[in-house]
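Novice: Just one file: input-v5.pdb, with PDB, C-alpha atoms, pLDDT in the B column.
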```
ATOM      1  CA  MET A   1     139.124 208.773  69.892  1.00 54.00           C
ATOM      2  CA  GLU A   2     139.751 211.686  72.258  1.00 68.00           C
ATOM      3  CA  THR A   3     137.277 214.465  71.596  1.00 83.00           C
ATOM      4  CA  LYS A   4     137.348 217.967  73.048  1.00 87.00           C
ATOM      5  CA  THR A   5     134.541 217.002  75.425  1.00 87.00           C
ATOM      6  CA  SER A   6     136.263 213.772  76.420  1.00 90.00           C
ATOM      7  CA  ASN A   7     139.474 215.650  77.207  1.00 92.00           C
ATOM      8  CA  GLU A   8     137.677 218.372  79.195  1.00 94.00           C
ATOM      9  CA  TYR A   9     135.646 215.712  81.039  1.00 94.00           C
ATOM     10  CA  LYS A  10     138.834 213.890  82.021  1.00 95.00           C
ATOM     11  CA  GLN A  11     140.414 217.112  83.334  1.00 95.00           C
ATOM     12  CA  VAL A  12     137.375 217.846  85.524  1.00 96.00           C
ATOM     13  CA  ILE A  13     137.200 214.284  86.855  1.00 97.00           C
ATOM     14  CA  ASP A  14     140.956 214.227  87.543  1.00 97.00           C
ATOM     15  CA  ARG A  15     140.490 217.329  89.718  1.00 96.00           C
ATOM     16  CA  CYS A  16     137.534 215.722  91.533  1.00 97.00           C
ATOM     17  CA  LYS A  17     139.351 212.430  92.067  1.00 98.00           C
ATOM     18  CA  GLU A  18     142.432 214.167  93.441  1.00 97.00           C
ATOM     19  CA  LEU A  19     140.266 215.948  96.022  1.00 97.00           C
ATOM     20  CA  PHE A  20     138.430 212.685  96.840  1.00 97.00           C
ATOM     21  CA  GLN A  21     141.785 210.968  97.391  1.00 97.00           C
ATOM     22  CA  LYS A  22     143.133 213.752  99.636  1.00 96.00           C
ATOM     23  CA  LYS A  23     139.929 213.846 101.711  1.00 95.00           C
ATOM     24  CA  THR A  24     140.026 210.056 102.047  1.00 95.00           C
ATOM     25  CA  ILE A  25     143.574 210.368 103.391  1.00 93.00           C
ATOM     26  CA  ASP A  26     142.567 213.220 105.752  1.00 93.00           C
ATOM     27  CA  TYR A  27     139.191 211.912 106.985  1.00 93.00           C
ATOM     28  CA  GLY A  28     139.131 208.253 106.080  1.00 95.00           C
ATOM     29  CA  THR A  29     135.774 207.001 104.823  1.00 97.00           C
ATOM     30  CA  SER A  30     133.598 208.630 107.478  1.00 95.00           C
ATOM     31  CA  TRP A  31     130.933 209.008 104.752  1.00 96.00           C
ATOM     32  CA  ARG A  32     130.329 205.241 105.030  1.00 97.00           C
ATOM     33  CA  ILE A  33     127.989 206.041 107.948  1.00 96.00           C
ATOM     34  CA  MET A  34     125.659 207.971 105.611  1.00 96.00           C
ATOM     35  CA  ARG A  35     122.502 206.532 104.145  1.00 93.00           C
ATOM     36  CA  LEU A  36     121.772 207.355 100.495  1.00 93.00           C
ATOM     37  CA  SER A  37     119.059 209.806 101.545  1.00 93.00           C
ATOM     38  CA  SER A  38     121.633 211.731 103.614  1.00 96.00           C
ATOM     39  CA  ILE A  39     124.048 211.842 100.685  1.00 97.00           C
ATOM     40  CA  THR A  40     121.219 213.093  98.458  1.00 96.00           C
ATOM     41  CA  ASP A  41     120.512 215.843 101.003  1.00 96.00           C
ATOM     42  CA  GLN A  42     124.217 216.774 101.081  1.00 97.00           C
ATOM     43  CA  ILE A  43     124.145 217.149  97.284  1.00 98.00           C
ATOM     44  CA  PHE A  44     120.918 219.167  97.607  1.00 97.00           C
ATOM     45  CA  ILE A  45     122.609 221.641  99.976  1.00 97.00           C
ATOM     46  CA  LYS A  46     125.399 222.195  97.458  1.00 96.00           C
ATOM     47  CA  ALA A  47     123.015 222.622  94.493  1.00 97.00           C
ATOM     48  CA  GLN A  48     120.778 224.956  96.505  1.00 95.00           C
ATOM     49  CA  ARG A  49     123.773 227.139  97.436  1.00 94.00           C
ATOM     50  CA  ILE A  50     124.796 227.359  93.779  1.00 95.00           C
ATOM     51  CA  ARG A  51     121.276 228.413  92.785  1.00 95.00           C
ATOM     52  CA  SER A  52     121.093 230.935  95.613  1.00 92.00           C
ATOM     53  CA  VAL A  53     124.412 232.521  94.583  1.00 92.00           C
ATOM     54  CA  GLN A  54     123.289 232.560  90.928  1.00 91.00           C
ATOM     55  CA  GLU A  55     120.006 234.276  91.826  1.00 89.00           C
ATOM     56  CA  LYS A  56     121.516 236.821  94.235  1.00 84.00           C
ATOM     57  CA  GLY A  57     124.497 237.538  92.014  1.00 79.00           C
ATOM     58  CA  SER A  58     126.719 237.697  95.098  1.00 72.00           C
ATOM     59  CA  GLN A  59     127.832 235.547  97.982  1.00 69.00           C
ATOM     60  CA  LYS A  60     128.880 236.062 101.600  1.00 77.00           C
ATOM     61  CA  ILE A  61     130.979 232.894 101.846  1.00 74.00           C
ATOM     62  CA  SER A  62     133.985 233.208  99.556  1.00 74.00           C
ATOM     63  CA  ASP A  63     134.041 229.545  98.423  1.00 80.00           C
ATOM     64  CA  PRO A  64     133.574 229.584  94.639  1.00 86.00           C
ATOM     65  CA  ILE A  65     130.560 227.694  93.267  1.00 92.00           C
ATOM     66  CA  GLU A  66     132.984 225.526  91.289  1.00 94.00           C
ATOM     67  CA  GLU A  67     133.800 223.819  94.600  1.00 95.00           C
ATOM     68  CA  ASP A  68     130.105 223.033  95.073  1.00 96.00           C
ATOM     69  CA  PHE A  69     129.945 221.454  91.601  1.00 97.00           C
ATOM     70  CA  ILE A  70     132.982 219.331  92.535  1.00 97.00           C
ATOM     71  CA  GLY A  71     131.114 218.384  95.719  1.00 97.00           C
ATOM     72  CA  ILE A  72     128.061 217.355  93.689  1.00 98.00           C
ATOM     73  CA  ILE A  73     130.263 215.115  91.534  1.00 98.00           C
ATOM     74  CA  ASN A  74     132.100 213.527  94.445  1.00 98.00           C
ATOM     75  CA  TYR A  75     129.028 213.037  96.635  1.00 98.00           C
ATOM     76  CA  SER A  76     127.201 211.490  93.663  1.00 98.00           C
ATOM     77  CA  LEU A  77     130.148 209.135  93.209  1.00 98.00           C
ATOM     78  CA  ILE A  78     130.131 208.409  96.956  1.00 98.00           C
ATOM     79  CA  ALA A  79     126.447 207.470  96.641  1.00 97.00           C
ATOM     80  CA  LEU A  80     127.237 205.144  93.737  1.00 97.00           C
ATOM     81  CA  ILE A  81     130.129 203.637  95.713  1.00 97.00           C
ATOM     82  CA  GLN A  82     127.781 203.118  98.676  1.00 96.00           C
ATOM     83  CA  ILE A  83     125.390 201.259  96.351  1.00 94.00           C
ATOM     84  CA  SER A  84     128.293 199.113  95.121  1.00 95.00           C
ATOM     85  CA  LEU A  85     129.323 198.362  98.720  1.00 96.00           C
ATOM     86  CA  LYS A  86     125.820 197.792 100.131  1.00 92.00           C
ATOM     87  CA  ASP A  87     126.802 194.332 101.416  1.00 94.00           C
ATOM     88  CA  ASP A  88     130.105 195.556 102.881  1.00 96.00           C
ATOM     89  CA  ASP A  89     129.703 196.904 106.416  1.00 94.00           C
ATOM     90  CA  ARG A  90     133.274 198.140 106.894  1.00 95.00           C
ATOM     91  CA  MET A  91     133.513 201.773 107.986  1.00 96.00           C
ATOM     92  CA  GLU A  92     137.107 202.272 106.853  1.00 96.00           C
ATOM     93  CA  ILE A  93     138.101 201.326 103.339  1.00 96.00           C
ATOM     94  CA  PRO A  94     141.498 202.331 101.926  1.00 95.00           C
ATOM     95  CA  PHE A  95     141.593 204.602  98.888  1.00 96.00           C
ATOM     96  CA  GLU A  96     143.410 201.892  96.898  1.00 96.00           C
ATOM     97  CA  GLU A  97     140.326 199.712  97.265  1.00 96.00           C
ATOM     98  CA  LEU A  98     137.892 202.536  96.491  1.00 97.00           C
ATOM     99  CA  GLU A  99     139.780 203.839  93.462  1.00 97.00           C
ATOM    100  CA  PRO A 100     138.710 201.087  91.020  1.00 98.00           C
ATOM    101  CA  ILE A 101     135.068 201.488  92.143  1.00 98.00           C
ATOM    102  CA  TYR A 102     135.311 205.287  91.709  1.00 98.00           C
ATOM    103  CA  ASP A 103     136.936 204.831  88.287  1.00 98.00           C
ATOM    104  CA  GLY A 104     134.343 202.221  87.270  1.00 98.00           C
ATOM    105  CA  TRP A 105     131.434 204.557  88.001  1.00 98.00           C
ATOM    106  CA  VAL A 106     133.222 207.423  86.229  1.00 98.00           C
ATOM    107  CA  SER A 107     133.715 205.196  83.177  1.00 96.00           C
ATOM    108  CA  LYS A 108     130.030 204.118  83.113  1.00 96.00           C
ATOM    109  CA  THR A 109     128.904 207.708  83.641  1.00 96.00           C
ATOM    110  CA  LYS A 110     131.171 209.033  80.886  1.00 94.00           C
ATOM    111  CA  GLY A 111     129.824 206.300  78.591  1.00 92.00           C
ATOM    112  CA  LEU A 112     126.295 207.538  79.328  1.00 89.00           C
ATOM    113  CA  LEU A 113     127.416 211.080  78.479  1.00 87.00           C
ATOM    114  CA  GLU A 114     128.987 209.951  75.203  1.00 87.00           C
ATOM    115  CA  ASN A 115     125.778 208.173  74.158  1.00 86.00           C
ATOM    116  CA  LYS A 116     123.643 211.201  75.025  1.00 82.00           C
ATOM    117  CA  ASN A 117     126.119 213.573  73.349  1.00 78.00           C
ATOM    118  CA  HIS A 118     125.834 211.485  70.197  1.00 75.00           C
ATOM    119  CA  ASP A 119     122.038 211.713  70.233  1.00 82.00           C
ATOM    120  CA  TYR A 120     121.734 215.349  71.374  1.00 82.00           C
ATOM    121  CA  GLY A 121     124.737 216.800  69.554  1.00 81.00           C
ATOM    122  CA  GLU A 122     126.341 218.394  72.620  1.00 83.00           C
ATOM    123  CA  ALA A 123     123.306 220.598  73.225  1.00 87.00           C
ATOM    124  CA  TRP A 124     124.618 221.246  76.750  1.00 88.00           C
ATOM    125  CA  ARG A 125     127.262 223.575  75.295  1.00 87.00           C
ATOM    126  CA  ASP A 126     124.448 226.018  74.419  1.00 89.00           C
ATOM    127  CA  MET A 127     122.769 225.741  77.817  1.00 92.00           C
ATOM    128  CA  ARG A 128     123.196 228.171  80.682  1.00 94.00           C
ATOM    129  CA  VAL A 129     124.941 227.014  83.853  1.00 94.00           C
ATOM    130  CA  SER A 130     121.851 228.231  85.752  1.00 94.00           C
ATOM    131  CA  SER A 131     119.614 225.919  83.672  1.00 95.00           C
ATOM    132  CA  MET A 132     121.863 222.953  84.350  1.00 96.00           C
ATOM    133  CA  THR A 133     121.788 223.831  88.064  1.00 96.00           C
ATOM    134  CA  ASP A 134     117.980 223.677  87.897  1.00 96.00           C
ATOM    135  CA  ILE A 135     118.168 220.280  86.179  1.00 96.00           C
ATOM    136  CA  ILE A 136     120.452 219.008  88.965  1.00 97.00           C
ATOM    137  CA  LEU A 137     117.912 220.254  91.531  1.00 97.00           C
ATOM    138  CA  MET A 138     115.093 218.545  89.611  1.00 96.00           C
ATOM    139  CA  LYS A 139     117.080 215.283  89.625  1.00 95.00           C
ATOM    140  CA  LEU A 140     117.518 215.686  93.392  1.00 96.00           C
ATOM    141  CA  PHE A 141     113.770 216.090  93.906  1.00 93.00           C
ATOM    142  CA  ARG A 142     113.247 212.976  91.783  1.00 90.00           C
ATOM    143  CA  LEU A 143     115.802 211.085  93.872  1.00 91.00           C
ATOM    144  CA  LYS A 144     114.110 212.153  97.097  1.00 91.00           C
ATOM    145  CA  GLN A 145     110.786 210.892  95.720  1.00 89.00           C
ATOM    146  CA  ILE A 146     112.341 207.563  94.685  1.00 86.00           C
ATOM    147  CA  GLU A 147     113.987 207.250  98.114  1.00 85.00           C
ATOM    148  CA  ASP A 148     110.668 208.013  99.807  1.00 85.00           C
ATOM    149  CA  ASN A 149     109.145 205.220  97.661  1.00 81.00           C
ATOM    150  CA  GLU A 150     111.875 202.864  98.959  1.00 76.00           C
ATOM    151  CA  GLY A 151     113.696 202.839  95.618  1.00 67.00           C
ATOM    152  CA  LYS A 152     110.726 201.683  93.541  1.00 68.00           C
ATOM    153  CA  THR A 153     109.884 203.324  90.221  1.00 65.00           C
ATOM    154  CA  LEU A 154     107.180 202.443  87.707  1.00 67.00           C
ATOM    155  CA  VAL A 155     108.567 203.883  84.477  1.00 62.00           C
ATOM    156  CA  SER A 156     111.403 206.164  85.578  1.00 64.00           C
ATOM    157  CA  GLU A 157     115.157 205.753  85.602  1.00 71.00           C
ATOM    158  CA  GLY A 158     116.491 204.362  88.831  1.00 79.00           C
ATOM    159  CA  ILE A 159     118.624 205.895  91.526  1.00 89.00           C
ATOM    160  CA  GLU A 160     121.959 205.219  89.816  1.00 92.00           C
ATOM    161  CA  ALA A 161     120.932 206.947  86.575  1.00 92.00           C
ATOM    162  CA  ASN A 162     119.914 210.101  88.462  1.00 93.00           C
ATOM    163  CA  TYR A 163     123.252 210.281  90.291  1.00 96.00           C
ATOM    164  CA  GLN A 164     125.032 209.731  86.956  1.00 96.00           C
ATOM    165  CA  ASP A 165     123.028 212.507  85.278  1.00 95.00           C
ATOM    166  CA  MET A 166     123.908 214.890  88.122  1.00 97.00           C
ATOM    167  CA  ILE A 167     127.597 214.028  87.722  1.00 97.00           C
ATOM    168  CA  ASN A 168     127.423 214.763  83.994  1.00 96.00           C
ATOM    169  CA  TYR A 169     125.559 218.063  84.408  1.00 96.00           C
ATOM    170  CA  ALA A 170     127.996 219.176  87.131  1.00 97.00           C
ATOM    171  CA  VAL A 171     130.923 218.269  84.831  1.00 97.00           C
ATOM    172  CA  PHE A 172     129.285 220.311  82.042  1.00 95.00           C
ATOM    173  CA  CYS A 173     128.924 223.277  84.411  1.00 96.00           C
ATOM    174  CA  LEU A 174     132.577 223.076  85.418  1.00 96.00           C
ATOM    175  CA  ILE A 175     133.652 222.831  81.773  1.00 95.00           C
ATOM    176  CA  LYS A 176     131.575 225.910  80.931  1.00 93.00           C
ATOM    177  CA  LEU A 177     132.790 227.838  83.979  1.00 92.00           C
ATOM    178  CA  GLU A 178     136.423 226.840  83.402  1.00 84.00           C
ATOM    179  CA  TYR A 179     136.667 227.251  79.642  1.00 64.00           C
ATOM    180  CA  HIS A 180     133.882 229.615  78.688  1.00 53.00           C
ATOM    181  CA  HIS A 181     133.332 231.745  81.774  1.00 46.00           C
ATOM    182  CA  ALA A 182     129.565 231.335  81.428  1.00 40.00           C
TER
END
```
As structure tokens - that is how I would like this structure written.
Specialist:
Amino acid sequence: METKTSNEYKQVIDRCKELFQKKTIDYGTSWRIMRLSSITDQIFIKAQRIRSVQEKGSQKISDPIEEDFIGIINYSLIALIQISLKDDDRMEIPFEELEPIYDGWVSKTKGLLENKNHDYGEAWRDMRVSSMTDIILMKLFRLKQIEDNEGKTLVSEGIEANYQDMINYAVFCLIKLEYHHA
């Protein structure tokens, strides 16, 4: 059953995937050189810029923060793709081969969202974009700690779950910014 959230989620992801595809055509898969910790730092830069713009209420670079949320989604998906391809040392991988991996992670991540939405009753719709930005930053600090511990956790969610949560919060932010002008 297509819900409002499911439909909005699909629209956001379609926009992200289209950009991912175009950048793959333009740049190839140069991101294959990046370690997960570098991808995490790239996401951190984007989240930090969003927070800085939110706090200052203005920006000197005209790129809208929506583009940074798209970057958070795509870099998180790149990290998940890197995890999926950890035993594949090819630098260049055609989009046609990456697309099912991208779609697979999106499907798993959307499933996670649907389960949490069921339990929490779409509480995110009443949250501020600035609060969700802070949660993304918190997830990044958690990821950095896990990476510094060589991927080991005692009781916490693993690396994949944190990337998936960041994707979902960034999607929520884009939905709110696009449809509710929060």
Novice: Written as a ChimeraX atom specification, which residues does the PyMOL selection byres ((chain A and resi 97-114) around 10) give for the file shown?
Specialist: /A:5-6,9-10,13,17,20-21,24,29,73-74,76-78,80-82,84-85,93-96,115-122,160-161,163-169
Novice: Give me the residues near Glu157 in chain A as a PyMOL selection string, where near means some atom within 12 Å (using all atoms listed in the file) and where sequence neighbours in that chain fewer than 5 positions away do not count.
Specialist: chain A and resi 139+142-143+146+151-152+162-165
Novice: Report the distance between CA of Ile61 in chain A and CA of Leu174 in chain A in Å, rounded to one decimal place.
Specialist: 19.2 Å
Novice: Translate the PyMOL selection byres ((chain A and resi 34-45) around 9) into a concrete residue list for this structure, as an NGL selection string.
Specialist: :A and (30-33 or 46-50 or 68 or 71-73 or 75-76 or 78-80 or 82-83 or 136-137 or 140-141 or 143-144 or 147-148 or 163)
Novice: Please indicate the distance in Å from CA of Asn149 in chain A to CA of Met132 in chain A, rounded to one decimal place.
Specialist: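 So the two atoms, CA of Asn149 in chain A and CA of Met132 in chain A, lie 25.6 Å apart.
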